[in-house]
Each structure stands twice: as C-alpha cells, then as structure tokens.
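**Student:** Sharing a structure here in structure tokens format.
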Amino acid sequence: MSEPIVEQEKKYNILKNAAGDLMILIRARMNDAQNPRMVYNGGKHALLYRNEGNVIVLDFIHPSIRQELNNASQILIVEAYDGSIVREYTSDIRHLKELPIPEDIILN
C-alpha cells in the first residue's frame, strides 16, 4: 500500500448550519470520500482522512470554534468548486492528544 497524499488546506470555513451542527467547507477533490474521519486534539490543526489515499490538514482552526469542535462527535463536510456544492458527507471526529502530522508540512 502506498503512502497517502497529504494536502494542506489553508482556505476553508467552519460554520454552523441552520440546525446548529458544525460543518466544514473545503474545495472539492477529484475522488469521492470513503469512510471519512477527522482527528482533532483541541488545538490549531485537524486532520481529515477523506479516504485511504488522501489526508487533508486543516491549518489554523480559529480559536473561537476550537471548543465546539473539541466537544463535537461528528461534523458535516461540504466540498465545493466554483461556488457549487460537489458533495457533502458526515465524518466522525476522533479526539487525540497529539496529531500525526507529517514533518514536511509547515503549519501556521
């Protein structure tokens, strides 16, 4: 099995939908998400495992949303391209003490 492609997402939004659920808006990727899951440690960064071959580093989570994200067990992911929604899916959030961020990723 090959190493997953790790991408750093610097431009994304974490919002609340009308039901009060957290959702993350990211740019759409070419392939579908399969068994997505997010890992978060309560700090500045989170990892979204879209599928076995693709990991997205969500860089610098705003301090005002960190506690809510840390308390959440699921999050809605919305992928958009050119202002249109391409796909949406729900991801469980696994809370860890430390994130397994690759050493070659420069974080803000």
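Quick note on naming: the chains in the structure tokens go A, B, ... in the order shown, residues restart at 1 in each chain, and ligands are numbered from 1 in order of appearance.
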According to DSSP computed on the backbone, where in chain A is there strand (DSSP E)? Give the residues as a PyMOL selection string.
**Tutor:** chain A and resi 5-9+13-16+22-27+37-40+46-51+54-58+74-81+84-95
**Student:** What does the file look like for those residues with N, CA and C atoms, as a short mmCIF file (atom, residue, chain, number, x, y, z; two decimals), in the first residue's frame?
**Tutor:**
data_model
loop_
_atom_site.label_atom_id
_atom_site.label_comp_id
_atom_site.auth_asym_id
_atom_site.auth_seq_id
_atom_site.Cartn_x
_atom_site.Cartn_y
_atom_site.Cartn_z
N ILE A 5 -1.63 10.73 0.05
CA ILE A 5 -1.29 12.10 -0.32
C ILE A 5 -1.80 13.01 0.78
N VAL A 6 -0.90 13.84 1.32
CA VAL A 6 -1.25 14.76 2.39
C VAL A 6 -1.31 16.16 1.79
N GLU A 7 -2.47 16.80 1.91
CA GLU A 7 -2.66 18.15 1.40
C GLU A 7 -2.91 19.10 2.55
N GLN A 8 -2.43 20.31 2.42
CA GLN A 8 -2.65 21.32 3.44
C GLN A 8 -3.73 22.28 2.94
N GLU A 9 -4.83 22.35 3.67
CA GLU A 9 -5.95 23.22 3.30
C GLU A 9 -5.86 24.49 4.14
N ASN A 13 -13.69 27.05 5.57
CA ASN A 13 -14.56 27.68 6.56
C ASN A 13 -15.16 26.61 7.45
N ILE A 14 -15.26 26.92 8.73
CA ILE A 14 -16.01 26.10 9.67
C ILE A 14 -17.21 26.93 10.09
N LEU A 15 -18.39 26.41 9.81
CA LEU A 15 -19.63 27.14 10.04
C LEU A 15 -20.60 26.29 10.83
N LYS A 16 -21.70 26.91 11.23
CA LYS A 16 -22.82 26.17 11.81
C LYS A 16 -23.97 26.23 10.82
N LEU A 22 -22.01 21.70 13.29
CA LEU A 22 -20.80 22.21 12.68
C LEU A 22 -20.61 21.62 11.29
N MET A 23 -20.11 22.46 10.37
CA MET A 23 -19.77 21.96 9.05
C MET A 23 -18.52 22.67 8.57
N ILE A 24 -17.76 21.93 7.78
CA ILE A 24 -16.53 22.46 7.20
C ILE A 24 -16.73 22.54 5.70
N LEU A 25 -16.43 23.70 5.14
CA LEU A 25 -16.50 23.91 3.70
C LEU A 25 -15.08 23.92 3.16
N ILE A 26 -14.77 22.96 2.28
CA ILE A 26 -13.44 22.85 1.68
C ILE A 26 -13.60 22.79 0.17
N ARG A 27 -12.49 22.94 -0.54
CA ARG A 27 -12.55 22.80 -2.00
C ARG A 27 -12.71 21.33 -2.36
N ARG A 37 -13.01 10.36 8.15
CA ARG A 37 -12.91 10.54 9.58
C ARG A 37 -11.96 11.71 9.85
N MET A 38 -12.24 12.40 10.93
CA MET A 38 -11.42 13.54 11.31
C MET A 38 -10.78 13.24 12.65
N VAL A 39 -9.54 13.72 12.83
CA VAL A 39 -8.90 13.63 14.12
C VAL A 39 -8.55 15.05 14.56
N TYR A 40 -8.76 15.30 15.86
CA TYR A 40 -8.56 16.64 16.40
C TYR A 40 -8.08 16.55 17.83
N ALA A 46 -6.37 20.21 12.51
CA ALA A 46 -7.11 18.95 12.48
C ALA A 46 -6.71 18.21 11.21
N LEU A 47 -6.93 16.91 11.20
CA LEU A 47 -6.67 16.08 10.02
C LEU A 47 -7.98 15.47 9.56
N LEU A 48 -8.26 15.58 8.28
CA LEU A 48 -9.43 14.95 7.67
C LEU A 48 -8.93 13.84 6.75
N TYR A 49 -9.23 12.62 7.12
CA TYR A 49 -8.90 11.46 6.29
C TYR A 49 -10.08 11.23 5.37
N ARG A 50 -10.00 11.70 4.13
CA ARG A 50 -11.11 11.56 3.17
C ARG A 50 -11.27 10.11 2.73
N ASN A 51 -10.15 9.46 2.51
CA ASN A 51 -10.11 8.06 2.11
C ASN A 51 -8.70 7.55 2.40
N ASN A 54 -5.93 9.90 0.80
CA ASN A 54 -5.96 11.36 0.86
C ASN A 54 -6.24 11.85 2.27
N VAL A 55 -5.28 12.64 2.79
CA VAL A 55 -5.41 13.27 4.11
C VAL A 55 -5.30 14.77 3.91
N ILE A 56 -6.20 15.51 4.55
CA ILE A 56 -6.19 16.97 4.44
C ILE A 56 -5.88 17.55 5.82
N VAL A 57 -4.85 18.39 5.87
CA VAL A 57 -4.50 19.11 7.10
C VAL A 57 -5.28 20.41 7.08
N LEU A 58 -6.16 20.59 8.06
CA LEU A 58 -6.90 21.84 8.21
C LEU A 58 -6.03 22.74 9.09
N GLN A 74 -19.31 14.48 15.60
CA GLN A 74 -19.44 14.39 14.14
C GLN A 74 -19.41 15.78 13.54
N ILE A 75 -19.08 15.84 12.26
CA ILE A 75 -19.07 17.11 11.55
C ILE A 75 -19.50 16.87 10.10
N LEU A 76 -20.22 17.82 9.54
CA LEU A 76 -20.63 17.75 8.15
C LEU A 76 -19.51 18.34 7.30
N ILE A 77 -19.10 17.65 6.27
CA ILE A 77 -18.08 18.14 5.34
C ILE A 77 -18.78 18.49 4.04
N VAL A 78 -18.55 19.69 3.55
CA VAL A 78 -19.11 20.14 2.28
C VAL A 78 -17.94 20.48 1.37
N GLU A 79 -17.91 19.85 0.19
CA GLU A 79 -16.87 20.13 -0.80
C GLU A 79 -17.50 20.92 -1.94
N ALA A 80 -16.87 22.04 -2.27
CA ALA A 80 -17.42 22.91 -3.31
C ALA A 80 -16.36 23.26 -4.33
N TYR A 81 -16.85 23.56 -5.53
CA TYR A 81 -15.98 24.02 -6.61
C TYR A 81 -16.69 25.13 -7.36
N SER A 84 -20.25 26.00 -6.32
CA SER A 84 -21.27 24.95 -6.34
C SER A 84 -20.85 23.79 -5.45
N ILE A 85 -21.81 23.22 -4.75
CA ILE A 85 -21.53 22.06 -3.90
C ILE A 85 -21.36 20.83 -4.79
N VAL A 86 -20.23 20.16 -4.62
CA VAL A 86 -19.93 18.95 -5.38
C VAL A 86 -20.37 17.71 -4.60
N ARG A 87 -20.10 17.70 -3.29
CA ARG A 87 -20.50 16.58 -2.45
C ARG A 87 -20.55 17.02 -1.00
N GLU A 88 -21.32 16.29 -0.22
CA GLU A 88 -21.34 16.51 1.22
C GLU A 88 -21.47 15.16 1.91
N TYR A 89 -20.88 15.08 3.09
CA TYR A 89 -20.88 13.84 3.84
C TYR A 89 -20.59 14.14 5.30
N THR A 90 -20.89 13.20 6.15
CA THR A 90 -20.64 13.34 7.58
C THR A 90 -19.40 12.56 7.96
N SER A 91 -18.63 13.13 8.86
CA SER A 91 -17.43 12.47 9.35
C SER A 91 -17.47 12.41 10.87
N ASP A 92 -17.11 11.25 11.42
CA ASP A 92 -16.92 11.17 12.86
C ASP A 92 -15.65 11.93 13.22
N ILE A 93 -15.59 12.44 14.44
CA ILE A 93 -14.40 13.12 14.94
C ILE A 93 -13.79 12.27 16.04
N ARG A 94 -12.56 11.93 15.87
CA ARG A 94 -11.82 11.20 16.90
C ARG A 94 -10.90 12.19 17.59
N HIS A 95 -10.96 12.24 18.90
CA HIS A 95 -10.17 13.20 19.67
C HIS A 95 -8.91 12.52 20.20
#
**Student:** As a ChimeraX atom specification, please: every residue in chain A that DSSP puts in helix (DSSP H, G or I).
**Tutor:** /A:63-71
**Student:** Got time to write the residues from that selection, C-alpha atoms, as an mmCIF file, in the first residue's frame?
**Tutor:**
data_model
loop_
_atom_site.group_PDB
_atom_site.id
_atom_site.type_symbol
_atom_site.label_atom_id
_atom_site.label_comp_id
_atom_site.auth_asym_id
_atom_site.auth_seq_id
_atom_site.Cartn_x
_atom_site.Cartn_y
_atom_site.Cartn_z
ATOM 1 C CA PRO A 63 -9.755 29.973 18.434
ATOM 2 C CA SER A 64 -13.459 30.872 18.624
ATOM 3 C CA ILE A 65 -14.513 27.463 17.213
ATOM 4 C CA ARG A 66 -11.958 25.145 18.868
ATOM 5 C CA GLN A 67 -14.010 24.321 21.973
ATOM 6 C CA GLU A 68 -17.130 23.471 19.961
ATOM 7 C CA LEU A 69 -15.105 21.296 17.616
ATOM 8 C CA ASN A 70 -13.448 19.641 20.581
ATOM 9 C CA ASN A 71 -16.879 18.793 22.032
#
**Student:** May I ask for the distance between CA of Gly20 in chain A and CA of Ala33 in chain A, given in Å to one decimal place?
**Tutor:** 23.5 Å
**Student:** Could you check how far CA of Gly53 in chain A sits from CA of Leu99 in chain A, in Å to one decimal?
**Tutor:**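 Interatomic distance here is 17.7 Å.
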**Student:** Interatomic distance between CA of His45 in chain A and CA of Pro100 in chain A?
**Tutor:**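 One can read the CA of His45 in chain A to CA of Pro100 in chain A distance as 10.7 Å.
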**Student:** Determine the nearest neighbour of Glu3 in chain A from the options A:Arg29, A:Asp21, A:Ser73, A:Glu52, counting only C-alpha atoms.
**Tutor:**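 Of all the options, A:Glu52 lies closest to Glu3 in chain A.
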**Student:** Find the residue from A:Ala28, A:Pro36, A:Asn41, A:Ile101 that sits nearest to Gly83 in chain A; use only C-alpha atoms when measuring.
**Tutor:**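 Once distances to Gly83 in chain A are computed over only C-alpha atoms, the minimum belongs to A:Ala28.
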